[in-house]
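Q: Before we start, here is the structure in question, set down as structure tokens.
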Amino acid sequence: MPLPFLTADRTFETDDVALPFADHDLWRRPYRPGPWRVGAGAVTLLLASFVMIAAMVIAVAGALSGAAVCLAVGGGLIVFALRVLRIGTWVSRHGVRRVGLLSTSTVQWSRVSEVRTAQQPVRYLGLPRTVQGQALLLIREGGGEPLPLLTDHSADFLGRVEAFDRAADTVEAWASEYRA
């Protein structure tokens, strides 16, 4: 039985259309999550499975309050892992959405002045440390602080320069399509 998802020889088709989705009303991430983000989510889910097994063992031993605490911690870890996997930039016909760990902000395309790539200090894997890198910036109408949508040192693009360039080009294509 062939398993096509295990083959690593898939390449990005450069002649694909920039907005390949049939339904532009749905929120979509225009890139795949990177290995750092997927790895963090997988390790967190692995830890959650151990905590859930511990909750089951504690419940069989008869300490139901301890099992409830372990079950709550395991559920919290699952929610955390899912949120980590959801972090990123999402686009639709309505606007661009930046999903963070604890917050989500949405900007309508009509309120976007410009989307461009710039060289600037960026956060390394979301940590306070900054390094020189590229960022895709969203500039709102009326000025204000530019909102970094993507950076080449984030958990999605660290060590994947081509993926960052494709994602930045795709978000810019969405902006040019719907910003008018």
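Ordering of the structure tokens sets the chain letters (A, B, ...); residue numbers start at 1 within each chain; ligands are numbered from 1 in the order shown.
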Give me, as a PyMOL selection string, the residues of range 125-163 of chain A that a backbone DSSP run labels strand (DSSP E or B).
A: chain A and resi 130-140+147-151
Q: Would you kindly return, as a list in words, each protein, DNA or RNA residue with an atom no farther than 9 Å from any atom of Val38 in chain A, considering only C-alpha atoms and excluding same-chain residues fewer than 2 positions away?
A: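 The contact residues come out as Pro33, Gly34, Pro35, Trp36, Ala40, Gly41, Ala42, Val43, Val84, Leu85, Ala155 and Asp156 of chain A.
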Q: Just the selected residues (C-alpha atoms), exported as a PDB file, in the first residue's frame, please.
A:
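The resulting file, part29.pdb, is reproduced below:
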```
ATOM      1  CA  PRO A  33       3.333  24.563  10.031  1.00  0.00           C
ATOM      2  CA  GLY A  34       7.078  24.232  10.474  1.00  0.00           C
ATOM      3  CA  PRO A  35       8.949  21.369  12.124  1.00  0.00           C
ATOM      4  CA  TRP A  36       9.634  23.322  15.312  1.00  0.00           C
ATOM      5  CA  ALA A  40       6.530  21.245  20.164  1.00  0.00           C
ATOM      6  CA  GLY A  41       2.917  20.158  19.684  1.00  0.00           C
ATOM      7  CA  ALA A  42       3.907  16.481  19.451  1.00  0.00           C
ATOM      8  CA  VAL A  43       6.047  16.591  22.604  1.00  0.00           C
ATOM      9  CA  VAL A  84       0.488  25.961  19.707  1.00  0.00           C
ATOM     10  CA  LEU A  85      -0.342  24.191  16.434  1.00  0.00           C
ATOM     11  CA  ALA A 155       8.845  28.178  14.579  1.00  0.00           C
ATOM     12  CA  ASP A 156       7.323  27.806  11.109  1.00  0.00           C
TER      13      ASP A 156
END
```
Q: Can you tell me, as an MDAnalysis selection string, what residues are no more than 10 Å from range 133-137 of chain A when counting only C-alpha atoms, ignoring any on the same chain fewer than 3 positions away?
A: chainID A and resid 114:124 130 140 145:154 161 164:165 167:169 171:172
Q: Can you tell me, as a PyMOL selection string, what residues are no more than 9 Å from Asp23 in chain A when counting only C-alpha atoms, ignoring any on the same chain fewer than 2 positions away?
A: chain A and resi 21+25-26+92-93
Q: Between A:Val112, A:Val107, A:Val73, A:Ile139, single out the one closest to Leu47 in chain A, counting only C-alpha atoms.
A: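 So, comparing all the options, the nearest one is A:Val73.
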Q: Which is closer to Leu138 in chain A than all the others in A:Ala72, A:Ile53, A:Val96, A:Ala173, using only C-alpha atoms?
A: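 The closest residue to Leu138 in chain A is A:Val96.
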Q: From range 23-131 of chain A, collect each residue whose DSSP state is helix (DSSP H, G or I) and return the set as a VMD selection string.
A: chain A and resid 35 to 61 64 to 86 109 to 111
Q: Write out as number ranges by chain the residues lying within 9 Å of Arg97 in chain A, counting only C-alpha atoms and excluding same-chain residues fewer than 2 positions away.
A: A: 27, 88-92, 95, 99, 104-108, 149
Q: Write to file, as a CSV table (one decimal), in the first residue's frame, the residues of the selection just made, with all heavy atoms.
A:
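Below is the file out.csv, written as the result:
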```csv
chain,number,residue,atom,x,y,z
A,27,TRP,N,-11.2,30.7,6.6
A,27,TRP,CA,-9.9,31.1,7.1
A,27,TRP,C,-8.9,30.0,6.8
A,27,TRP,O,-9.1,28.9,7.2
A,27,TRP,CB,-9.9,31.5,8.6
A,27,TRP,CG,-10.7,32.7,8.9
A,27,TRP,CD1,-11.9,32.8,9.3
A,27,TRP,CD2,-10.2,34.0,8.7
A,27,TRP,NE1,-12.3,34.1,9.4
A,27,TRP,CE2,-11.2,34.9,9.1
A,27,TRP,CE3,-9.0,34.6,8.3
A,27,TRP,CZ2,-11.1,36.3,9.0
A,27,TRP,CZ3,-8.8,35.9,8.3
A,27,TRP,CH2,-9.9,36.8,8.6
A,88,GLY,N,-0.2,31.3,14.1
A,88,GLY,CA,0.3,31.7,12.8
A,88,GLY,C,-0.6,32.8,12.1
A,88,GLY,O,-1.4,33.4,12.8
A,89,THR,N,-0.4,32.9,10.9
A,89,THR,CA,-1.2,33.9,10.1
A,89,THR,C,-2.2,33.2,9.2
A,89,THR,O,-1.8,32.2,8.5
A,89,THR,CB,-0.2,34.8,9.2
A,89,THR,OG1,0.7,35.4,10.0
A,89,THR,CG2,-0.9,35.7,8.3
A,90,TRP,N,-3.4,33.6,9.3
A,90,TRP,CA,-4.5,33.0,8.5
A,90,TRP,C,-5.1,34.1,7.6
A,90,TRP,O,-5.2,35.3,8.0
A,90,TRP,CB,-5.6,32.5,9.5
A,90,TRP,CG,-5.0,31.4,10.4
A,90,TRP,CD1,-4.2,31.5,11.4
A,90,TRP,CD2,-5.3,30.0,10.3
A,90,TRP,NE1,-3.9,30.3,12.0
A,90,TRP,CE2,-4.6,29.4,11.3
A,90,TRP,CE3,-6.1,29.3,9.4
A,90,TRP,CZ2,-4.7,28.0,11.5
A,90,TRP,CZ3,-6.2,27.9,9.6
A,90,TRP,CH2,-5.5,27.3,10.7
A,91,VAL,N,-5.5,33.8,6.4
A,91,VAL,CA,-6.1,34.7,5.5
A,91,VAL,C,-7.4,34.2,5.0
A,91,VAL,O,-7.7,33.0,5.0
A,91,VAL,CB,-5.2,35.0,4.3
A,91,VAL,CG1,-3.9,35.7,4.7
A,91,VAL,CG2,-4.8,33.7,3.6
A,92,SER,N,-8.3,35.1,4.6
A,92,SER,CA,-9.5,34.9,3.9
A,92,SER,C,-9.9,36.1,3.1
A,92,SER,O,-9.2,37.1,3.2
A,92,SER,CB,-10.6,34.5,4.9
A,92,SER,OG,-11.2,35.6,5.5
A,95,GLY,N,-10.1,39.3,5.5
A,95,GLY,CA,-9.0,40.0,6.1
A,95,GLY,C,-7.8,39.0,6.4
A,95,GLY,O,-7.8,37.9,5.9
A,99,VAL,N,-2.9,34.8,14.8
A,99,VAL,CA,-3.3,34.0,15.9
A,99,VAL,C,-2.0,33.8,16.8
A,99,VAL,O,-1.0,33.3,16.3
A,99,VAL,CB,-3.8,32.6,15.5
A,99,VAL,CG1,-4.1,31.7,16.7
A,99,VAL,CG2,-5.1,32.7,14.6
A,104,THR,N,-5.8,36.6,19.6
A,104,THR,CA,-6.0,36.6,18.1
A,104,THR,C,-6.4,38.0,17.7
A,104,THR,O,-7.3,38.6,18.3
A,104,THR,CB,-7.1,35.6,17.8
A,104,THR,OG1,-6.7,34.3,18.2
A,104,THR,CG2,-7.3,35.6,16.3
A,105,SER,N,-5.8,38.5,16.6
A,105,SER,CA,-6.2,39.8,16.1
A,105,SER,C,-6.5,39.7,14.6
A,105,SER,O,-5.8,39.0,13.9
A,105,SER,CB,-5.1,40.9,16.3
A,105,SER,OG,-3.9,40.5,15.7
A,106,THR,N,-7.6,40.3,14.2
A,106,THR,CA,-8.0,40.3,12.8
A,106,THR,C,-8.0,41.7,12.3
A,106,THR,O,-8.5,42.6,12.9
A,106,THR,CB,-9.4,39.7,12.7
A,106,THR,OG1,-9.4,38.4,13.3
A,106,THR,CG2,-9.9,39.6,11.3
A,107,VAL,N,-7.5,41.9,11.0
A,107,VAL,CA,-7.5,43.2,10.4
A,107,VAL,C,-8.2,42.9,9.0
A,107,VAL,O,-7.8,42.1,8.3
A,107,VAL,CB,-6.1,43.7,10.1
A,107,VAL,CG1,-6.1,45.0,9.4
A,107,VAL,CG2,-5.3,43.8,11.4
A,108,GLN,N,-9.2,43.7,8.8
A,108,GLN,CA,-10.0,43.6,7.5
A,108,GLN,C,-9.1,44.2,6.4
A,108,GLN,O,-8.3,45.1,6.6
A,108,GLN,CB,-11.2,44.4,7.5
A,108,GLN,CG,-12.2,43.9,8.5
A,108,GLN,CD,-13.5,44.8,8.6
A,108,GLN,OE1,-13.5,45.9,8.0
A,108,GLN,NE2,-14.4,44.4,9.4
A,149,LEU,N,3.5,39.8,10.5
A,149,LEU,CA,2.7,38.7,10.2
A,149,LEU,C,3.5,37.4,10.3
A,149,LEU,O,3.1,36.4,10.8
A,149,LEU,CB,2.0,38.8,8.9
A,149,LEU,CG,1.0,39.9,8.8
A,149,LEU,CD1,0.4,40.0,7.4
A,149,LEU,CD2,-0.1,39.8,9.8
```
Q: List as a list in words the protein and nucleic acid residues near Gly76 in chain A, meaning an atom at most 12 Å away when only C-alpha atoms are counted, but skip any in the same chain fewer than 2 places from it.
A: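 Result of the neighbour search: Thr44, Leu45, Leu47, Ala48, Ser49, Val51, Met52, Val69, Cys70, Leu71, Ala72, Val73, Gly74, Ile78, Val79, Phe80, Ala81, Leu82 and Arg83 of chain A.
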Q: Restrict the selected residues to C-alpha atoms and save them as a compact mmCIF listing (two decimals), in the first residue's frame.
A:
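Dumped everything to result-v8.txt:
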```
# COMPACT_ATOMS: atom_id res chain seq x y z
CA THR A 44 3.25 18.35 24.49
CA LEU A 45 0.71 15.75 23.34
CA LEU A 47 3.40 14.55 27.85
CA ALA A 48 -0.40 14.82 27.98
CA SER A 49 -0.73 11.11 27.21
CA VAL A 51 -0.43 12.50 32.42
CA MET A 52 -3.69 10.86 31.27
CA VAL A 69 -6.30 16.86 39.05
CA CYS A 70 -4.22 14.76 36.64
CA LEU A 71 -7.13 14.66 34.19
CA ALA A 72 -7.44 18.45 34.33
CA VAL A 73 -3.69 18.90 33.80
CA GLY A 74 -3.79 16.49 30.86
CA ILE A 78 -4.00 19.04 25.10
CA VAL A 79 -5.58 22.48 24.78
CA PHE A 80 -2.11 24.06 24.95
CA ALA A 81 -0.76 21.74 22.22
CA LEU A 82 -3.69 22.49 19.94
CA ARG A 83 -3.25 26.21 20.46
```
